[in-house]
Amino acid sequence: KKHSTDVAAKMVAKYPSSLQDVIEGDIVGTGYHSLVKQLQNRIENVRRTSTPKIRKRKHQTDDSDQTDEIPLEERAAMQDTYGCIKWNVKFLPLEETQESQKQKMEKLKVMFQHSDANPEEVKCLMKSTFYTQRQHVNQGKSIKCLREEWPFWFDELGMSVHFMELTGIDLKETFTRNLDLKGKRLLDYMTTVCVNKSKKFLQNYARLQRMRGQRSGCSDDVIEMILLLLSYFDEEEESMFFHVEDTCLAEEVQLEQVPLTPVVIVC
């Protein structure tokens, strides 16, 4: 850590205009904290092996923003690899066999074809087959293959169950809570301070304001927040969204055309 800090400090000293942490003309902290984190993450990724390194998850102590708090009784058991507590499950559950896992996987496929499938039964089956799910992911199977074998992964119910098992975090509840706690503050910052960041950002903000109230489904604030964040970091919307025809069904999406990086498929 000390070496990466020294390197970051020297890099920022030599190229302050490009690398220094600056907000509205003011240097933030040491001026090189974000570069230190980037270097450390890069080093960790390069050293990453197929066998996960287990680390204790840090406990958040900031009383003003307890969005990731872990109860005391659970903290000792929480270990992770890149945010996960069950990244590489080594053993089948005691009551399970390879054959029973396969049978449950096939049952989930059949249930996915029926709109009246029992949600509680789906949850139970997804939990009990988590071992096999992780084996398939860690073997590097393609998204197309995973979608065929585990269709509920691409449904809110199955995704939530897998994420909970993988990280110990309730995906929807945590996202909603963080949105309530931080969403307005982030949006206010984007719409008051960041509008002066660039002409492109201002144009995107104006476009989103004109579109308010014209879309259904997700709230305008959430949509605006995501798109403004993309604009703030100079990311292209095409890298985040893959557009298909309005009448296209999920099973009709040509996965061969979908980018390898994570995207949101939009009708």
# chains A, B, ... in the order shown; residues from 1 in each chain; ligands from 1
$ select_by_dssp --residues "segment 24-240 of chain A" --states "alpha helix (DSSP H)" --output "ChimeraX atom specification"
/A:33-47,72-75,98-112,119-128,130-138,143-149,156-167,171-192,199-211,220-232
$ closest_atom_pairs --of "segment 137-212 of chain A" --to "segment 84-87 of chain A" --cutoff "12 Å" --atoms "only C-alpha atoms" --output "tab-separated table"
residue	atom	partner	partner_atom	distance
A:Val137	CA	A:Trp87	CA	9.6
A:Asn138	CA	A:Trp87	CA	8.5
A:His162	CA	A:Lys86	CA	10.2
A:Phe163	CA	A:Cys84	CA	9.0
A:Met164	CA	A:Cys84	CA	9.6
A:Glu165	CA	A:Lys86	CA	6.9
A:Leu166	CA	A:Lys86	CA	5.0
A:Thr167	CA	A:Cys84	CA	4.4
A:Gly168	CA	A:Ile85	CA	6.8
A:Ile169	CA	A:Cys84	CA	9.4
$ residues_around --residues "segment 152-156 of chain A" --least-positions-apart "4" --cutoff "9 Å" --atoms "only C-alpha atoms" --output "list of chain:residue names"
A:Leu108, A:Lys109, A:Phe112, A:Val122, A:Met126, A:Leu146, A:Arg147, A:Ser160, A:Val161, A:His162
$ closest_atom_pairs --of "segment 116-234 of chain A" --to "segment 99-104 of chain A" --cutoff "8 Å" --atoms "only C-alpha atoms" --output "tab-separated table"
residue	atom	partner	partner_atom	distance
A:Leu125	CA	A:Lys104	CA	6.5
A:Ser128	CA	A:Gln101	CA	7.9
A:Thr129	CA	A:Gln101	CA	5.9
A:Thr132	CA	A:Gln101	CA	7.0
$ write_last_selection --atoms "C-alpha atoms" --output "compact mmCIF listing (two decimals), in the first residue's frame"
# COMPACT_ATOMS: atom_id res chain seq x y z
CA LEU A 125 -35.02 -24.52 -5.61
CA SER A 128 -30.70 -25.48 -2.99
CA THR A 129 -29.03 -25.45 -6.43
CA THR A 132 -24.27 -25.95 -9.16
$ residues_around --residues "segment 205-209 of chain A" --least-positions-apart "3" --cutoff "12 Å" --atoms "only C-alpha atoms" --output "JSON, numbers by chain"
{"A": [187, 190, 191, 192, 193, 194, 195, 196, 197, 198, 199, 200, 201, 202, 212, 213, 214, 215, 220, 221, 222, 223, 224, 225, 226, 227, 228, 229, 230, 231, 232]}
$ write_last_selection --atoms "N, CA and C atoms" --output "JSON list (two decimals), in the first residue's frame"
[["chain", "number", "residue", "atom", "x", "y", "z"],
["A", 187, "LEU", "N", -28.79, 13.49, -7.09],
["A", 187, "LEU", "CA", -29.49, 14.16, -8.18],
["A", 187, "LEU", "C", -29.36, 15.68, -8.06],
["A", 190, "MET", "N", -25.97, 16.64, -9.26],
["A", 190, "MET", "CA", -25.87, 16.53, -10.71],
["A", 190, "MET", "C", -26.56, 17.70, -11.41],
["A", 191, "THR", "N", -27.71, 18.10, -10.88],
["A", 191, "THR", "CA", -28.52, 19.11, -11.57],
["A", 191, "THR", "C", -28.18, 20.54, -11.18],
["A", 192, "THR", "N", -27.30, 20.72, -10.20],
["A", 192, "THR", "CA", -26.92, 22.09, -9.82],
["A", 192, "THR", "C", -25.45, 22.37, -10.08],
["A", 193, "VAL", "N", -24.59, 21.44, -9.69],
["A", 193, "VAL", "CA", -23.15, 21.65, -9.85],
["A", 193, "VAL", "C", -22.64, 21.12, -11.19],
["A", 194, "CYS", "N", -23.06, 19.91, -11.52],
["A", 194, "CYS", "CA", -22.49, 19.23, -12.69],
["A", 194, "CYS", "C", -22.98, 19.77, -14.03],
["A", 195, "VAL", "N", -24.08, 20.51, -14.02],
["A", 195, "VAL", "CA", -24.58, 21.05, -15.29],
["A", 195, "VAL", "C", -23.56, 21.99, -15.94],
["A", 196, "ASN", "N", -22.63, 22.47, -15.13],
["A", 196, "ASN", "CA", -21.60, 23.36, -15.66],
["A", 196, "ASN", "C", -20.33, 22.60, -16.06],
["A", 197, "LYS", "N", -20.38, 21.27, -15.94],
["A", 197, "LYS", "CA", -19.19, 20.47, -16.22],
["A", 197, "LYS", "C", -18.79, 20.54, -17.69],
["A", 198, "SER", "N", -19.78, 20.41, -18.56],
["A", 198, "SER", "CA", -19.48, 20.43, -19.99],
["A", 198, "SER", "C", -20.75, 20.74, -20.77],
["A", 199, "LYS", "N", -20.57, 21.11, -22.00],
["A", 199, "LYS", "CA", -21.71, 21.40, -22.87],
["A", 199, "LYS", "C", -22.52, 20.14, -23.12],
["A", 200, "LYS", "N", -21.82, 19.01, -23.27],
["A", 200, "LYS", "CA", -22.49, 17.73, -23.52],
["A", 200, "LYS", "C", -23.37, 17.35, -22.34],
["A", 201, "PHE", "N", -22.86, 17.55, -21.13],
["A", 201, "PHE", "CA", -23.64, 17.22, -19.93],
["A", 201, "PHE", "C", -24.89, 18.09, -19.86],
["A", 202, "LEU", "N", -24.74, 19.37, -20.14],
["A", 202, "LEU", "CA", -25.87, 20.30, -20.10],
["A", 202, "LEU", "C", -26.92, 19.92, -21.14],
["A", 212, "ARG", "N", -39.21, 14.17, -19.29],
["A", 212, "ARG", "CA", -39.86, 13.84, -18.02],
["A", 212, "ARG", "C", -41.37, 13.68, -18.20],
["A", 213, "GLY", "N", -41.90, 12.62, -17.61],
["A", 213, "GLY", "CA", -43.34, 12.37, -17.67],
["A", 213, "GLY", "C", -43.78, 11.62, -18.91],
["A", 214, "GLN", "N", -42.86, 11.39, -19.86],
["A", 214, "GLN", "CA", -43.23, 10.71, -21.09],
["A", 214, "GLN", "C", -42.96, 9.21, -21.04],
["A", 215, "ARG", "N", -42.31, 8.75, -19.95],
["A", 215, "ARG", "CA", -41.93, 7.34, -19.87],
["A", 215, "ARG", "C", -42.70, 6.64, -18.77],
["A", 220, "ASP", "N", -38.88, 8.79, -13.01],
["A", 220, "ASP", "CA", -38.06, 9.74, -13.77],
["A", 220, "ASP", "C", -36.76, 10.05, -13.06],
["A", 221, "ASP", "N", -36.81, 10.14, -11.72],
["A", 221, "ASP", "CA", -35.60, 10.47, -10.96],
["A", 221, "ASP", "C", -34.52, 9.40, -11.13],
["A", 222, "VAL", "N", -34.93, 8.13, -11.08],
["A", 222, "VAL", "CA", -33.96, 7.03, -11.22],
["A", 222, "VAL", "C", -33.37, 7.02, -12.62],
["A", 223, "ILE", "N", -34.22, 7.18, -13.62],
["A", 223, "ILE", "CA", -33.74, 7.21, -15.01],
["A", 223, "ILE", "C", -32.77, 8.36, -15.20],
["A", 224, "GLU", "N", -33.16, 9.52, -14.69],
["A", 224, "GLU", "CA", -32.31, 10.71, -14.84],
["A", 224, "GLU", "C", -30.98, 10.52, -14.12],
["A", 225, "MET", "N", -31.02, 9.91, -12.96],
["A", 225, "MET", "CA", -29.80, 9.70, -12.18],
["A", 225, "MET", "C", -28.81, 8.81, -12.94],
["A", 226, "ILE", "N", -29.31, 7.72, -13.49],
["A", 226, "ILE", "CA", -28.44, 6.78, -14.22],
["A", 226, "ILE", "C", -27.84, 7.44, -15.46],
["A", 227, "LEU", "N", -28.69, 8.10, -16.23],
["A", 227, "LEU", "CA", -28.21, 8.70, -17.48],
["A", 227, "LEU", "C", -27.28, 9.88, -17.23],
["A", 228, "LEU", "N", -27.53, 10.64, -16.16],
["A", 228, "LEU", "CA", -26.63, 11.75, -15.84],
["A", 228, "LEU", "C", -25.29, 11.24, -15.33],
["A", 229, "LEU", "N", -25.30, 10.13, -14.60],
["A", 229, "LEU", "CA", -24.03, 9.54, -14.16],
["A", 229, "LEU", "C", -23.20, 9.09, -15.36],
["A", 230, "LEU", "N", -23.87, 8.49, -16.34],
["A", 230, "LEU", "CA", -23.16, 8.10, -17.56],
["A", 230, "LEU", "C", -22.54, 9.31, -18.23],
["A", 231, "SER", "N", -23.32, 10.37, -18.30],
["A", 231, "SER", "CA", -22.84, 11.59, -18.94],
["A", 231, "SER", "C", -21.70, 12.22, -18.14],
["A", 232, "TYR", "N", -21.82, 12.19, -16.83],
["A", 232, "TYR", "CA", -20.80, 12.79, -15.96],
["A", 232, "TYR", "C", -19.44, 12.11, -16.17]]
$ atom_distance --atom1 "atom CA of Asn41 of chain A" --atom2 "atom CA of Ser4 of chain A"
10.3 Å
$ residues_around --residues "Val244 of chain A" --least-positions-apart "2" --cutoff "10 Å" --atoms "only C-alpha atoms" --output "list of chain:residue names"
A:Phe241, A:Phe242, A:Asp246, A:Thr247, A:Cys248, A:Leu249, A:Ala250, A:Glu252, A:Val253, A:Gln254, A:Ile265, A:Val266, A:Cys267
$ write_last_selection --atoms "N, CA and C atoms" --output "short mmCIF file (atom, residue, chain, number, x, y, z; two decimals), in the first residue's frame"
data_model
loop_
_atom_site.label_atom_id
_atom_site.label_comp_id
_atom_site.auth_asym_id
_atom_site.auth_seq_id
_atom_site.Cartn_x
_atom_site.Cartn_y
_atom_site.Cartn_z
N PHE A 241 -26.69 0.33 -22.65
CA PHE A 241 -28.00 -0.15 -23.09
C PHE A 241 -27.91 -0.82 -24.46
N PHE A 242 -28.66 -1.90 -24.60
CA PHE A 242 -28.77 -2.59 -25.89
C PHE A 242 -30.24 -2.53 -26.29
N ASP A 246 -39.70 -2.81 -29.86
CA ASP A 246 -40.67 -2.69 -28.77
C ASP A 246 -41.43 -3.99 -28.53
N THR A 247 -41.65 -4.77 -29.58
CA THR A 247 -42.44 -5.99 -29.47
C THR A 247 -41.59 -7.23 -29.17
N CYS A 248 -40.30 -7.04 -29.00
CA CYS A 248 -39.38 -8.16 -28.81
C CYS A 248 -39.57 -8.80 -27.43
N LEU A 249 -39.70 -10.12 -27.38
CA LEU A 249 -39.80 -10.85 -26.13
C LEU A 249 -38.40 -11.22 -25.64
N ALA A 250 -38.29 -11.52 -24.35
CA ALA A 250 -36.98 -11.81 -23.77
C ALA A 250 -36.29 -12.96 -24.48
N GLU A 252 -36.56 -13.83 -27.46
CA GLU A 252 -36.28 -13.52 -28.86
C GLU A 252 -35.02 -12.68 -29.04
N VAL A 253 -34.45 -12.21 -27.95
CA VAL A 253 -33.24 -11.39 -28.04
C VAL A 253 -32.08 -12.23 -28.58
N GLN A 254 -31.43 -11.73 -29.60
CA GLN A 254 -30.29 -12.43 -30.19
C GLN A 254 -29.05 -12.19 -29.33
N ILE A 265 -30.94 -4.45 -21.47
CA ILE A 265 -31.66 -4.60 -22.74
C ILE A 265 -32.94 -3.79 -22.66
N VAL A 266 -33.10 -2.86 -23.59
CA VAL A 266 -34.22 -1.91 -23.56
C VAL A 266 -35.10 -2.10 -24.78
N CYS A 267 -36.42 -2.19 -24.53
CA CYS A 267 -37.38 -2.28 -25.63
C CYS A 267 -37.77 -0.88 -26.08
#
$ atom_distance --atom1 "atom CA of Val7 of chain A" --atom2 "atom CA of Leu39 of chain A"
8.9 Å
$ atom_distance --atom1 "atom CA of Gln113 of chain A" --atom2 "atom CA of Lys127 of chain A"
19.3 Å
